[in-house]
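Pasting data-v3.cif here (mmCIF, C-alpha atoms and all ligand atoms):
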data_work
loop_
_atom_site.label_atom_id
_atom_site.label_comp_id
_atom_site.auth_asym_id
_atom_site.auth_seq_id
_atom_site.Cartn_x
_atom_site.Cartn_y
_atom_site.Cartn_z
CA MET A 11 -10.87 51.73 -69.27
CA HIS A 12 -10.50 49.49 -66.28
CA GLY A 13 -12.64 48.94 -63.25
CA MET A 14 -12.23 49.93 -59.67
CA PHE A 15 -11.10 47.68 -56.87
CA LYS A 16 -12.04 48.21 -53.25
CA VAL A 17 -9.26 47.26 -50.88
CA ALA A 18 -9.65 47.24 -47.11
CA VAL A 19 -6.44 48.49 -45.51
CA LEU A 20 -5.67 47.57 -41.89
CA PRO A 21 -2.24 48.94 -40.95
CA GLY A 22 -2.39 47.71 -37.33
CA ASP A 23 0.44 48.31 -34.86
CA GLY A 24 4.19 48.87 -34.66
CA ILE A 25 5.78 48.97 -38.08
CA GLY A 26 2.43 48.01 -39.68
CA PRO A 27 1.49 51.55 -40.81
CA GLU A 28 4.99 52.20 -42.20
CA VAL A 29 5.14 49.09 -44.35
CA ILE A 30 1.52 49.42 -45.47
CA ALA A 31 2.22 52.95 -46.76
CA GLU A 32 4.88 51.48 -49.05
CA GLY A 33 2.55 48.71 -50.24
CA LEU A 34 -0.05 51.31 -51.23
CA LYS A 35 2.60 53.28 -53.14
CA VAL A 36 3.02 50.37 -55.49
CA LEU A 37 -0.72 50.20 -56.11
CA ARG A 38 -0.72 53.92 -56.89
CA ALA A 39 2.12 53.24 -59.30
CA ILE A 40 -0.07 50.70 -61.10
CA GLU A 41 -2.87 53.29 -61.38
CA GLU A 42 -0.35 55.72 -62.85
CA VAL A 43 0.40 53.51 -65.80
CA GLY A 44 -3.23 53.06 -66.70
CA GLY A 45 -4.14 50.11 -64.54
CA PRO A 46 -7.42 49.95 -62.60
CA ARG A 47 -8.21 52.45 -59.85
CA PHE A 48 -7.99 51.33 -56.25
CA ARG A 49 -10.23 52.65 -53.50
CA PHE A 50 -8.70 52.16 -50.08
CA GLN A 51 -10.81 51.96 -46.95
CA ALA A 52 -8.89 52.03 -43.70
CA GLY A 53 -9.89 50.07 -40.62
CA LEU A 54 -8.57 49.38 -37.13
CA VAL A 55 -7.29 46.02 -35.94
CA GLY A 56 -5.08 44.89 -33.06
CA GLY A 57 -3.71 47.13 -30.33
CA CYS A 58 -4.72 50.40 -32.00
CA ALA A 59 -8.29 49.07 -32.17
CA ILE A 60 -8.19 48.16 -28.46
CA ASP A 61 -7.04 51.68 -27.64
CA ALA A 62 -9.76 53.30 -29.73
CA THR A 63 -12.71 50.93 -29.19
CA ALA A 64 -11.76 48.50 -26.38
CA VAL A 65 -11.85 45.48 -28.73
CA PRO A 66 -9.18 44.20 -31.16
CA LEU A 67 -11.59 43.70 -34.08
CA PRO A 68 -14.38 46.31 -34.08
CA PRO A 69 -17.58 45.57 -36.04
CA GLU A 70 -16.85 48.48 -38.35
CA THR A 71 -13.61 46.84 -39.47
CA ILE A 72 -15.46 43.63 -40.24
CA SER A 73 -17.94 45.48 -42.40
CA ILE A 74 -15.17 47.35 -44.25
CA CYS A 75 -13.51 44.00 -44.98
CA ASN A 76 -16.75 42.41 -46.10
CA GLN A 77 -17.34 45.18 -48.63
CA ALA A 78 -13.85 44.94 -50.08
CA GLN A 79 -12.46 42.63 -52.74
CA ALA A 80 -9.31 42.09 -50.73
CA VAL A 81 -7.86 42.95 -47.35
CA LEU A 82 -4.32 44.21 -46.81
CA LEU A 83 -3.01 44.01 -43.25
CA GLY A 84 0.22 45.29 -41.69
CA ALA A 85 0.93 43.72 -38.31
CA VAL A 86 -0.59 43.56 -34.85
CA GLY A 87 0.70 43.46 -31.28
CA GLY A 88 3.26 45.06 -29.01
CA PRO A 89 4.47 45.09 -25.41
CA ARG A 90 1.88 47.69 -24.43
CA TRP A 91 -0.86 45.11 -24.74
CA ASP A 92 1.10 42.03 -23.65
CA SER A 93 -0.36 41.77 -20.18
CA ARG A 94 -3.93 41.51 -21.43
CA ARG A 95 -6.06 38.40 -21.25
CA PRO A 96 -5.74 36.20 -24.35
CA ASP A 97 -9.30 36.92 -25.49
CA ASN A 98 -8.62 40.64 -25.67
CA ARG A 99 -5.11 40.89 -27.07
CA PRO A 100 -4.15 42.41 -30.43
CA GLU A 101 -3.42 38.94 -31.86
CA THR A 102 -7.00 37.92 -31.11
CA GLY A 103 -8.14 40.55 -33.59
CA LEU A 104 -6.14 38.88 -36.33
CA LEU A 105 -7.37 35.41 -35.41
CA GLN A 106 -10.97 36.64 -35.34
CA LEU A 107 -10.51 38.30 -38.69
CA ARG A 108 -9.27 35.04 -40.24
CA GLN A 109 -12.39 33.36 -38.85
CA ARG A 110 -14.78 36.07 -40.03
CA LEU A 111 -13.32 36.09 -43.53
CA LYS A 112 -13.29 32.27 -43.53
CA VAL A 113 -9.77 32.16 -44.90
CA TYR A 114 -8.80 28.57 -44.21
CA VAL A 115 -5.62 28.33 -46.25
CA ASN A 116 -2.49 30.39 -45.76
CA LEU A 117 0.16 30.44 -48.48
CA ARG A 118 3.68 31.38 -47.43
CA PRO A 119 6.20 31.16 -50.25
CA ALA A 120 9.91 31.09 -49.48
CA ARG A 121 12.18 31.36 -52.48
CA VAL A 122 15.91 31.89 -52.51
CA ILE A 123 16.87 34.05 -55.47
CA ASP A 124 20.16 32.93 -57.01
CA ALA A 125 21.86 36.31 -56.81
CA LEU A 126 20.86 36.64 -53.16
CA VAL A 127 21.95 33.23 -52.00
CA GLY A 128 24.54 34.90 -49.76
CA LEU A 129 21.81 36.44 -47.60
CA SER A 130 20.70 33.11 -46.21
CA ALA A 131 21.53 31.97 -42.71
CA LEU A 132 22.66 28.72 -44.38
CA LYS A 133 25.66 27.98 -46.57
CA PRO A 134 25.03 28.92 -50.22
CA ASP A 135 25.45 25.35 -51.54
CA ARG A 136 22.79 24.07 -49.25
CA VAL A 137 20.19 26.72 -49.91
CA ARG A 138 20.69 27.52 -53.60
CA GLY A 139 17.57 26.72 -55.62
CA THR A 140 15.19 26.63 -52.64
CA ASP A 141 11.67 27.39 -53.84
CA LEU A 142 8.89 26.21 -51.58
CA VAL A 143 5.42 27.24 -50.46
CA ILE A 144 4.05 26.46 -47.04
CA VAL A 145 0.33 25.73 -47.21
CA ARG A 146 -0.83 26.25 -43.65
CA GLU A 147 -4.32 25.37 -42.40
CA LEU A 148 -5.55 28.60 -40.82
CA MET A 149 -8.98 28.17 -39.25
CA GLY A 150 -8.64 25.10 -37.09
CA GLY A 151 -6.33 23.08 -34.90
CA ILE A 152 -5.05 24.02 -31.47
CA TYR A 153 -5.51 27.72 -32.17
CA PHE A 154 -9.27 27.38 -31.98
CA GLY A 155 -10.08 23.98 -30.40
CA ASN A 156 -12.20 23.57 -27.26
CA PRO A 157 -11.90 23.08 -24.34
CA ARG A 158 -9.44 25.88 -23.76
CA GLY A 159 -8.67 28.04 -20.77
CA ILE A 160 -6.88 28.15 -17.45
CA PHE A 161 -8.83 26.04 -14.95
CA SER A 162 -8.36 25.20 -11.29
CA LYS A 163 -8.27 21.60 -10.19
CA ASN A 164 -7.21 20.25 -6.80
CA GLY A 165 -5.96 23.64 -5.74
CA GLU A 166 -3.72 23.99 -8.76
CA ARG A 167 -4.24 25.83 -12.01
CA MET A 168 -3.90 24.11 -15.36
CA GLY A 169 -3.68 25.58 -18.85
CA VAL A 170 -5.62 23.68 -21.51
CA ASN A 171 -5.72 23.84 -25.29
CA THR A 172 -7.10 21.27 -27.67
CA GLU A 173 -6.04 20.22 -31.14
CA VAL A 174 -9.14 19.42 -33.18
CA TYR A 175 -9.41 18.67 -36.89
CA ARG A 176 -12.58 17.66 -38.68
CA GLU A 177 -12.30 15.74 -41.92
CA HIS A 178 -13.72 18.53 -44.08
CA GLU A 179 -11.20 21.00 -42.66
CA ILE A 180 -8.32 18.76 -43.68
CA GLU A 181 -9.86 17.94 -47.04
CA ARG A 182 -10.35 21.50 -48.24
CA VAL A 183 -6.84 22.65 -47.39
CA ALA A 184 -5.35 19.47 -48.88
CA HIS A 185 -7.14 20.11 -52.18
CA ARG A 186 -5.62 23.58 -52.28
CA ALA A 187 -2.16 22.16 -51.70
CA PHE A 188 -2.47 19.57 -54.47
CA GLN A 189 -3.90 22.13 -56.90
CA LEU A 190 -1.02 24.46 -56.17
CA ALA A 191 1.51 21.63 -56.61
CA ARG A 192 0.07 20.99 -60.08
CA GLN A 193 1.09 24.51 -61.09
CA ARG A 194 4.56 23.94 -59.66
CA ARG A 195 6.88 20.94 -59.40
CA LYS A 196 4.12 18.47 -58.52
CA LYS A 197 5.20 17.43 -55.06
CA VAL A 198 3.34 17.71 -51.75
CA THR A 199 5.05 17.08 -48.41
CA SER A 200 2.42 16.72 -45.70
CA VAL A 201 3.74 17.39 -42.21
CA ASP A 202 2.18 15.99 -39.02
CA LYS A 203 2.92 14.20 -35.76
CA ALA A 204 1.03 11.01 -36.52
CA ASN A 205 3.32 8.91 -34.31
CA VAL A 206 1.86 10.64 -31.25
CA LEU A 207 -1.34 12.60 -32.03
CA GLU A 208 -4.72 11.28 -33.13
CA SER A 209 -5.53 14.56 -34.89
CA SER A 210 -2.40 13.97 -36.96
CA ARG A 211 -3.35 10.36 -37.74
CA LEU A 212 -6.62 11.60 -39.17
CA TRP A 213 -4.73 14.36 -41.01
CA ARG A 214 -2.46 11.81 -42.67
CA GLU A 215 -5.35 9.52 -43.59
CA VAL A 216 -7.43 12.31 -45.16
CA VAL A 217 -4.47 13.86 -47.03
CA THR A 218 -3.64 10.43 -48.46
CA ARG A 219 -7.24 9.99 -49.61
CA VAL A 220 -7.37 13.44 -51.22
CA GLY A 221 -4.03 12.68 -52.90
CA GLU A 222 -5.63 9.77 -54.75
CA SER A 223 -7.42 12.29 -56.97
CA TYR A 224 -4.09 13.87 -57.89
CA ARG A 225 -2.13 10.90 -59.23
CA ASP A 226 0.22 13.21 -61.11
CA VAL A 227 1.38 14.80 -57.84
CA GLU A 228 3.89 13.00 -55.65
CA LEU A 229 2.87 12.86 -51.98
CA GLU A 230 5.19 12.26 -49.04
CA HIS A 231 4.51 12.42 -45.30
CA LEU A 232 6.97 13.74 -42.73
CA TYR A 233 6.84 14.04 -38.96
CA VAL A 234 7.19 17.65 -37.93
CA ASP A 235 10.45 17.17 -36.01
CA ASN A 236 12.01 15.48 -38.99
CA CYS A 237 10.66 18.24 -41.24
CA ALA A 238 12.26 20.95 -39.08
CA MET A 239 15.56 19.17 -39.57
CA ARG A 240 15.14 18.63 -43.30
CA LEU A 241 14.25 22.28 -43.91
CA ILE A 242 17.79 23.09 -42.80
CA ASP A 243 19.49 20.03 -44.21
CA ARG A 244 17.84 19.81 -47.65
CA PRO A 245 15.57 22.79 -48.24
CA THR A 246 15.53 22.17 -51.99
CA SER A 247 13.72 18.86 -51.46
CA PHE A 248 10.46 20.75 -50.75
CA ASP A 249 7.93 22.06 -53.23
CA VAL A 250 4.55 22.40 -51.46
CA LEU A 251 4.65 21.84 -47.71
CA LEU A 252 1.14 21.16 -46.36
CA THR A 253 0.58 21.35 -42.63
CA ASN A 254 -1.71 22.34 -39.77
CA ASN A 255 -2.11 25.70 -38.10
CA MET A 256 0.45 25.32 -35.28
CA PHE A 257 3.18 23.50 -37.22
CA GLY A 258 2.71 25.94 -40.11
CA ASP A 259 3.23 28.89 -37.80
CA ILE A 260 6.54 27.49 -36.58
CA LEU A 261 7.86 26.07 -39.84
CA SER A 262 7.11 29.27 -41.75
CA ASP A 263 9.39 31.28 -39.47
CA GLU A 264 12.05 28.62 -39.94
CA ALA A 265 11.62 28.73 -43.71
CA ALA A 266 11.90 32.51 -43.61
CA MET A 267 15.45 32.20 -42.36
CA LEU A 268 16.39 30.23 -45.48
CA THR A 269 15.88 33.40 -47.51
CA GLY A 270 17.87 35.67 -45.22
CA SER A 271 15.26 37.91 -43.65
CA ILE A 272 11.71 37.44 -42.47
CA GLY A 273 11.26 40.98 -43.77
CA LEU A 274 11.10 39.55 -47.29
CA LEU A 275 8.25 37.07 -46.91
CA PRO A 276 4.67 37.70 -47.98
CA SER A 277 1.54 35.70 -47.27
CA ALA A 278 -1.92 35.20 -48.66
CA SER A 279 -4.83 33.79 -46.70
CA LEU A 280 -7.63 32.51 -48.88
CA GLY A 281 -11.09 31.06 -48.54
CA GLU A 282 -13.80 30.52 -51.13
CA ARG A 283 -14.35 34.27 -51.54
CA SER A 284 -12.08 36.46 -49.44
CA GLY A 285 -8.39 37.15 -49.51
CA LEU A 286 -6.33 38.53 -46.65
CA TYR A 287 -2.77 39.61 -47.43
CA GLU A 288 -0.11 40.31 -44.84
CA PRO A 289 3.64 40.12 -44.36
CA VAL A 290 4.82 37.07 -42.39
CA HIS A 291 6.74 39.25 -39.93
CA GLY A 292 5.26 40.85 -36.81
CA SER A 293 4.88 44.42 -35.60
CA ALA A 294 8.56 44.82 -34.56
CA PRO A 295 7.91 47.39 -31.81
CA ASP A 296 11.67 47.84 -31.28
CA ILE A 297 12.06 49.59 -34.64
CA ALA A 298 8.56 51.09 -35.02
CA GLY A 299 8.39 54.73 -36.10
CA ARG A 300 12.04 54.86 -37.12
CA ASN A 301 11.73 54.37 -40.87
CA ARG A 302 13.93 51.25 -40.63
CA ALA A 303 11.46 48.46 -41.37
CA ASN A 304 11.68 46.41 -44.53
CA PRO A 305 8.57 47.01 -46.64
CA ILE A 306 9.36 44.21 -49.10
CA ALA A 307 7.23 41.54 -47.39
CA THR A 308 4.23 43.87 -47.60
CA ILE A 309 4.91 44.89 -51.18
CA ALA A 310 5.24 41.21 -52.12
CA SER A 311 1.93 40.59 -50.30
CA VAL A 312 0.38 43.24 -52.53
CA ALA A 313 1.65 41.23 -55.51
CA MET A 314 -0.06 38.14 -54.10
CA MET A 315 -3.25 40.16 -53.69
CA LEU A 316 -3.15 41.21 -57.33
CA ARG A 317 -2.63 37.58 -58.34
CA HIS A 318 -5.11 35.78 -56.13
CA SER A 319 -7.93 38.28 -55.54
CA LEU A 320 -7.79 40.76 -58.42
CA ARG A 321 -6.71 38.54 -61.33
CA MET A 322 -3.83 40.79 -62.30
CA GLU A 323 -1.07 38.26 -62.81
CA ARG A 324 1.08 40.51 -64.99
CA ALA A 325 1.07 43.33 -62.46
CA ALA A 326 1.96 40.81 -59.75
CA LEU A 327 4.88 39.55 -61.82
CA ALA A 328 6.05 43.11 -62.44
CA ILE A 329 6.15 43.87 -58.71
CA GLU A 330 8.00 40.64 -58.01
CA ALA A 331 10.49 41.38 -60.77
CA ALA A 332 10.97 44.92 -59.42
CA ILE A 333 11.72 43.57 -55.93
CA GLU A 334 14.20 41.09 -57.32
CA LYS A 335 15.93 43.69 -59.42
CA VAL A 336 16.26 46.19 -56.57
CA LEU A 337 17.67 43.52 -54.27
CA LYS A 338 20.12 42.42 -56.94
CA GLN A 339 21.30 46.00 -57.27
CA GLY A 340 22.28 45.81 -53.61
CA VAL A 341 19.61 48.07 -52.13
CA ARG A 342 19.08 46.93 -48.54
CA THR A 343 17.07 47.82 -45.47
CA PRO A 344 18.92 47.23 -42.17
CA ASP A 345 17.43 43.75 -41.59
CA ILE A 346 18.99 42.35 -44.78
CA PRO A 347 22.59 41.30 -44.33
CA GLY A 348 25.36 42.61 -46.51
CA ARG A 349 25.30 46.36 -46.87
CA LYS A 350 27.03 48.99 -44.80
CA ARG A 351 24.68 51.89 -45.61
CA PRO A 352 21.15 50.59 -45.70
CA VAL A 353 18.20 52.60 -47.01
CA SER A 354 15.07 53.63 -45.13
CA THR A 355 11.60 52.09 -45.39
CA THR A 356 10.28 54.95 -47.53
CA ARG A 357 13.31 54.95 -49.80
CA MET A 358 13.00 51.21 -50.42
CA GLY A 359 9.29 51.69 -51.18
CA ASN A 360 9.99 54.56 -53.59
CA ILE A 361 12.64 52.62 -55.47
CA ILE A 362 10.45 49.54 -55.87
CA ALA A 363 7.45 51.64 -56.95
CA GLN A 364 9.56 53.41 -59.58
CA GLU A 365 10.96 50.13 -60.83
CA THR A 366 7.46 48.67 -61.01
CA VAL A 367 6.30 51.61 -63.12
CA LYS A 368 9.24 51.09 -65.48
CA LEU A 369 8.47 47.41 -65.89
CA LEU A 370 4.76 48.03 -66.34
CA LYS A 371 5.47 50.47 -69.12
CA SER A 372 7.24 47.75 -71.01
CA SER A 373 4.58 45.76 -72.84
CA ARG A 374 5.51 42.50 -71.16
CA PHE A 375 3.95 43.60 -67.89
CA HIS A 376 1.08 45.80 -69.00
CA PRO A 377 -1.31 45.76 -66.02
CA GLU A 378 -4.60 44.78 -67.59
CA PRO A 379 -6.80 42.51 -65.53
CA GLU A 380 -6.83 39.14 -67.24
CA ALA A 381 -10.08 37.95 -68.76
CA SER A 382 -11.77 35.49 -66.46
C1 LIG B 1 1.55 34.46 -37.88
C2 LIG B 1 1.55 35.05 -36.50
C3 LIG B 1 0.16 34.87 -35.89
C4 LIG B 1 -0.14 33.39 -35.83
C5 LIG B 1 -0.02 35.53 -34.52
C6 LIG B 1 0.32 37.00 -34.55
C7 LIG B 1 -1.41 35.33 -33.99
O1 LIG B 1 2.55 34.47 -35.72
O2 LIG B 1 0.71 34.88 -38.70
O3 LIG B 1 2.38 33.60 -38.15
O4 LIG B 1 0.30 32.70 -34.89
O5 LIG B 1 -0.82 32.90 -36.73
MG MG B 2 3.89 33.22 -36.84
#
Could you quickly redo this structure as structure tokens?
Amino acid sequence: MHGMFKVAVLPGDGIGPEVIAEGLKVLRAIEEVGGPRFRFQAGLVGGCAIDATAVPLPPETISICNQAQAVLLGAVGGPRWDSRRPDNRPETGLLQLRQRLKVYVNLRPARVIDALVGLSALKPDRVRGTDLVIVRELMGGIYFGNPRGIFSKNGERMGVNTEVYREHEIERVAHRAFQLARQRRKKVTSVDKANVLESSRLWREVVTRVGESYRDVELEHLYVDNCAMRLIDRPTSFDVLLTNNMFGDILSDEAAMLTGSIGLLPSASLGERSGLYEPVHGSAPDIAGRNRANPIATIASVAMMLRHSLRMERAALAIEAAIEKVLKQGVRTPDIPGRKRPVSTTRMGNIIAQETVKLLKSSRFHPEPEAS
């Protein structure tokens, strides 16, 4: 007999509800084969929350998230809310949620599976073997620094944002990156702009100091412009890529293209207690409601949730293996190159859920929570 996990579910806007429905299917599949029970509590965030309550992150959503062991989020935003002031846009809801949950590290893995090397925007020889994780600082930097605003000076308006990093903010995310590298190929590439920015000089200094406690992990520093180039030129040279909030936002979209579709990439945002799981892609209003979205990024985010928040590594591996198998068989949603007759969102979700059940029934993947 297993326990019960409470999961806060925030579908959000655009394709969010469609992809979340497929993520939940996989959790139901795990229940079916005798895993733990999941209790889902739905909450509003983003544009749908603005429509219903006038704010993008209502207090009720915060309390649902605080009572849950993990939070699963779809996507936020859309043209309907684009004209709003920055402090009351859908995206603000997501940024506030990251702050409220104190999730300061964002993991964004990008792995090119051998059989799918042809999906990449790059030539196969260049991209084959790519397996990296971006470790993005998520609670600081220019996203949150003060002063910020649009001010008037000498009869002209000026837009101001401020990049701020305190030592402890750099330290805690750096530790996470080095610890992760120890479980992988033992290399950290720290990315900054220390040739121009003071915040980056401090970043480099603190990361170097933290690295001294991880002598078994190789540490290199790259300027962000050079890193953008090397991600295309030699993507296999990265293992763990550690960087700040802004650079991580940009580089993770670039890294997504190495794998072929941003619709494949999951993310986990972690703090000391909470975990927030969401696909890397946005709300894709152009295809919302048409059963065309790729649910794989969300389903893979569910796998990360099982791994990082619920200690169910075997179930996480089963989902990841199911995704890989289905992709290898040539099943494709329209965003993935290489198939004339793509399947719908719900069909992709059904196939992966069925495959997960099959794998879980084989003893290798039996979904028991691991002993702590
Ligand atoms: C992401 C997104 C968000 C970010 C937006 C929606 C606020 O682009 O998670 O990468 O910039 O962090
Ligand atoms: Mg982004």
What are the closest atom pairs, with distances in Å to one decimal, for all residues of chain A lying within 8 Å of ligand LIG 1 (chain B)? Consider all atoms listed in the file, order rows by chain and residue number, and present the result as CSV.
residue,atom,partner,partner_atom,distance
A:Ala85,CA,B:LIG1,C6,7.7
A:Val86,CA,B:LIG1,C6,6.6
A:Gly87,CA,B:LIG1,C6,7.3
A:Glu101,CA,B:LIG1,C7,4.6
A:Thr102,CA,B:LIG1,C7,6.8
A:Leu104,CA,B:LIG1,C7,6.4
A:Leu105,CA,B:LIG1,C7,6.1
A:Leu148,CA,B:LIG1,O5,7.6
A:Asn255,CA,B:LIG1,O5,7.4
A:Met256,CA,B:LIG1,O4,7.4
A:Gly258,CA,B:LIG1,O3,7.9
A:Asp259,CA,B:LIG1,O3,4.8
A:Ile260,CA,B:LIG1,O3,7.6
A:Ser262,CA,B:LIG1,O3,7.4
A:Asp263,CA,B:LIG1,O3,7.5
A:Val290,CA,B:LIG1,O2,5.9
A:His291,CA,B:LIG1,C1,7.4
A:Gly292,CA,B:LIG1,C6,6.7
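From atom CA of Val113 of chain A back to atom CA of Leu212 of chain A, the distance works out to 21.6 Å.
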* Asked: Leaving out Arg351 of chain A and any residue of its chain fewer than 3 positions from it, which residues lie within 12 Å of it when counting only C-alpha atoms, given as a list of chain:residue names?
  -> A:Arg302, A:Gly340, A:Val341, A:Arg342, A:Thr343, A:Pro344, A:Asp345, A:Ile346, A:Pro347, A:Gly348, A:Ser354
Determine the axis-aligned bounding box of all atoms of segment 242-254 of chain A present in the file, pad each side by 3 Å, and express its centre and edge lengths in Å to one decimal place as AutoDock Vina command-line options.
--center_x 8.9 --center_y 21.0 --center_z -46.5 --size_x 27.2 --size_y 10.2 --size_z 19.5
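Each of A:Gly299, A:Pro352, A:Pro68, A:Pro289 was compared to ligand MG 2 (chain B) using only C-alpha atoms and all ligand atoms, and A:Pro289 turns out to be the nearest.
Taking atom CA of Leu327 of chain A and atom CA of Val367 of chain A as the two end points, the separation is 12.2 Å.
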* Using all atoms listed in the file, find the one residue out of A:Val170, A:Met315, A:Ala120, A:Val17 that sits nearest to Leu280 of chain A. => A:Met315
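Once all atoms listed in the file are considered, the residues situated within 9 Å of the file point (3.8, 19.3, -46.0) turn out to be A:Ile144, A:Val145, A:Arg146, A:Ala187, A:Val198, A:Thr199, A:Ser200, A:Val201, A:Asp202, A:Leu229, A:Glu230, A:His231, A:Leu232, A:Val234, A:Cys237, A:Phe248, A:Asp249, A:Val250, A:Leu251, A:Leu252, A:Thr253, A:Asn254, A:Gly258.
Here atom CA of Asn98 of chain A and atom CA of Ala294 of chain A stand 19.8 Å from one another.
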Extract, using all atoms listed in the file, all DNA, RNA and protein residues at most 10 Å from Ala184 of chain A, discarding same-chain residues fewer than 4 positions from it, and format them as a PDB file with C-alpha atoms, in the frame of the given file.
ATOM      1  CA  VAL A 115      -5.620  28.330 -46.250  1.00  0.00           C
ATOM      2  CA  VAL A 145       0.330  25.730 -47.210  1.00  0.00           C
ATOM      3  CA  ARG A 146      -0.830  26.250 -43.650  1.00  0.00           C
ATOM      4  CA  GLU A 147      -4.320  25.370 -42.400  1.00  0.00           C
ATOM      5  CA  HIS A 178     -13.720  18.530 -44.080  1.00  0.00           C
ATOM      6  CA  GLU A 179     -11.200  21.000 -42.660  1.00  0.00           C
ATOM      7  CA  ILE A 180      -8.320  18.760 -43.680  1.00  0.00           C
ATOM      8  CA  PHE A 188      -2.470  19.570 -54.470  1.00  0.00           C
ATOM      9  CA  GLN A 189      -3.900  22.130 -56.900  1.00  0.00           C
ATOM     10  CA  LEU A 190      -1.020  24.460 -56.170  1.00  0.00           C
ATOM     11  CA  VAL A 198       3.340  17.710 -51.750  1.00  0.00           C
ATOM     12  CA  SER A 200       2.420  16.720 -45.700  1.00  0.00           C
ATOM     13  CA  TRP A 213      -4.730  14.360 -41.010  1.00  0.00           C
ATOM     14  CA  VAL A 216      -7.430  12.310 -45.160  1.00  0.00           C
ATOM     15  CA  VAL A 217      -4.470  13.860 -47.030  1.00  0.00           C
ATOM     16  CA  THR A 218      -3.640  10.430 -48.460  1.00  0.00           C
ATOM     17  CA  ARG A 219      -7.240   9.990 -49.610  1.00  0.00           C
ATOM     18  CA  VAL A 220      -7.370  13.440 -51.220  1.00  0.00           C
ATOM     19  CA  GLY A 221      -4.030  12.680 -52.900  1.00  0.00           C
ATOM     20  CA  LEU A 252       1.140  21.160 -46.360  1.00  0.00           C
ATOM     21  CA  THR A 253       0.580  21.350 -42.630  1.00  0.00           C
TER      22      THR A 253
END
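Ranking A:Asp296, A:Glu264, A:Glu41, A:Glu365 by their shortest atom-to-atom distance to ligand MG 2 (chain B), with all atoms listed in the file included, puts A:Glu264 first.
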* Might you pull out every residue within 12 Å of Ala266 of chain A, with all atoms listed in the file counted and same-chain residues fewer than 6 positions away left off, and present them as a PyMOL selection string? => chain A and resi 118-122+129-132+137+140-144+241-242+245+258-260+272-277+289-291+307
* Asked: Which residues, protein or nucleic acid, reach to within 9 Å of (-4.1, 46.0, -40.7) in the file's coordinates when using only C-alpha atoms, and can you give that as a ChimeraX atom specification?
  -> /A:18-23,26-27,30,52-56,81-86,104,288
* Asked: With distances taken over only C-alpha atoms, which of A:Ala332, A:Tyr233, A:Ala326, A:Ser93 is nearest to Arg211 of chain A?
  -> A:Tyr233
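With distances taken over only C-alpha atoms and all ligand atoms, A:Leu261 is the one residue among A:Ala298, A:Leu261, A:Leu337, A:Leu316 lying closest to ligand MG 2 (chain B).
Taking only C-alpha atoms and all ligand atoms into account, ligand MG 2 (chain B) lies nearest to A:Asn116 out of the set A:Val336, A:Leu126, A:Leu268, A:Asn116.
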Please, which residues in segment 253-368 of chain A fall within 12 Å of segment 69-78 of chain A when counting only C-alpha atoms, and what is the closest atom pair and distance in Å to one decimal for each, ordered by chain then residue number, as a Markdown table?
| residue | atom | partner | partner_atom | distance |
| --- | --- | --- | --- | --- |
| A:Arg283 | CA | A:Asn76 | CA | 10.1 |
| A:Ser284 | CA | A:Asn76 | CA | 8.3 |
| A:Gly285 | CA | A:Ala78 | CA | 9.5 |
| A:Leu286 | CA | A:Cys75 | CA | 9.2 |
| A:Tyr287 | CA | A:Cys75 | CA | 11.9 |
| A:Ser319 | CA | A:Ala78 | CA | 10.5 |
| A:Leu320 | CA | A:Ala78 | CA | 11.1 |
All residues 12 Å or closer to Arg95 of chain A, only C-alpha atoms, same chain fewer than 4 positions away omitted, as a CSV table (one decimal) with C-alpha atoms, keeping the file's coordinate frame:
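The resulting file, around.csv, is shown below:
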chain,number,residue,atom,x,y,z
A,65,VAL,CA,-11.8,45.5,-28.7
A,66,PRO,CA,-9.2,44.2,-31.2
A,91,TRP,CA,-0.9,45.1,-24.7
A,99,ARG,CA,-5.1,40.9,-27.1
A,100,PRO,CA,-4.2,42.4,-30.4
A,101,GLU,CA,-3.4,38.9,-31.9
A,102,THR,CA,-7.0,37.9,-31.1
A,159,GLY,CA,-8.7,28.0,-20.8
A,160,ILE,CA,-6.9,28.2,-17.4
When you get a chance, write out N, CA, C and O atoms for segment 106-110 of chain A, as a JSON list (two decimals), in the coordinates of the input.
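For reference, rebuild_39.json as written:
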[["chain", "number", "residue", "atom", "x", "y", "z"],
["A", 106, "GLN", "N", -9.54, 36.48, -35.08],
["A", 106, "GLN", "CA", -10.97, 36.64, -35.34],
["A", 106, "GLN", "C", -11.22, 37.04, -36.79],
["A", 106, "GLN", "O", -12.17, 36.57, -37.43],
["A", 107, "LEU", "N", -10.34, 37.87, -37.30],
["A", 107, "LEU", "CA", -10.51, 38.30, -38.69],
["A", 107, "LEU", "C", -10.39, 37.11, -39.65],
["A", 107, "LEU", "O", -11.17, 36.96, -40.59],
["A", 108, "ARG", "N", -9.41, 36.24, -39.41],
["A", 108, "ARG", "CA", -9.27, 35.04, -40.24],
["A", 108, "ARG", "C", -10.55, 34.20, -40.20],
["A", 108, "ARG", "O", -10.98, 33.66, -41.20],
["A", 109, "GLN", "N", -11.14, 34.13, -38.99],
["A", 109, "GLN", "CA", -12.39, 33.36, -38.85],
["A", 109, "GLN", "C", -13.53, 34.05, -39.60],
["A", 109, "GLN", "O", -14.29, 33.41, -40.32],
["A", 110, "ARG", "N", -13.65, 35.36, -39.41],
["A", 110, "ARG", "CA", -14.78, 36.07, -40.03],
["A", 110, "ARG", "C", -14.70, 36.04, -41.54],
["A", 110, "ARG", "O", -15.71, 35.97, -42.23]]
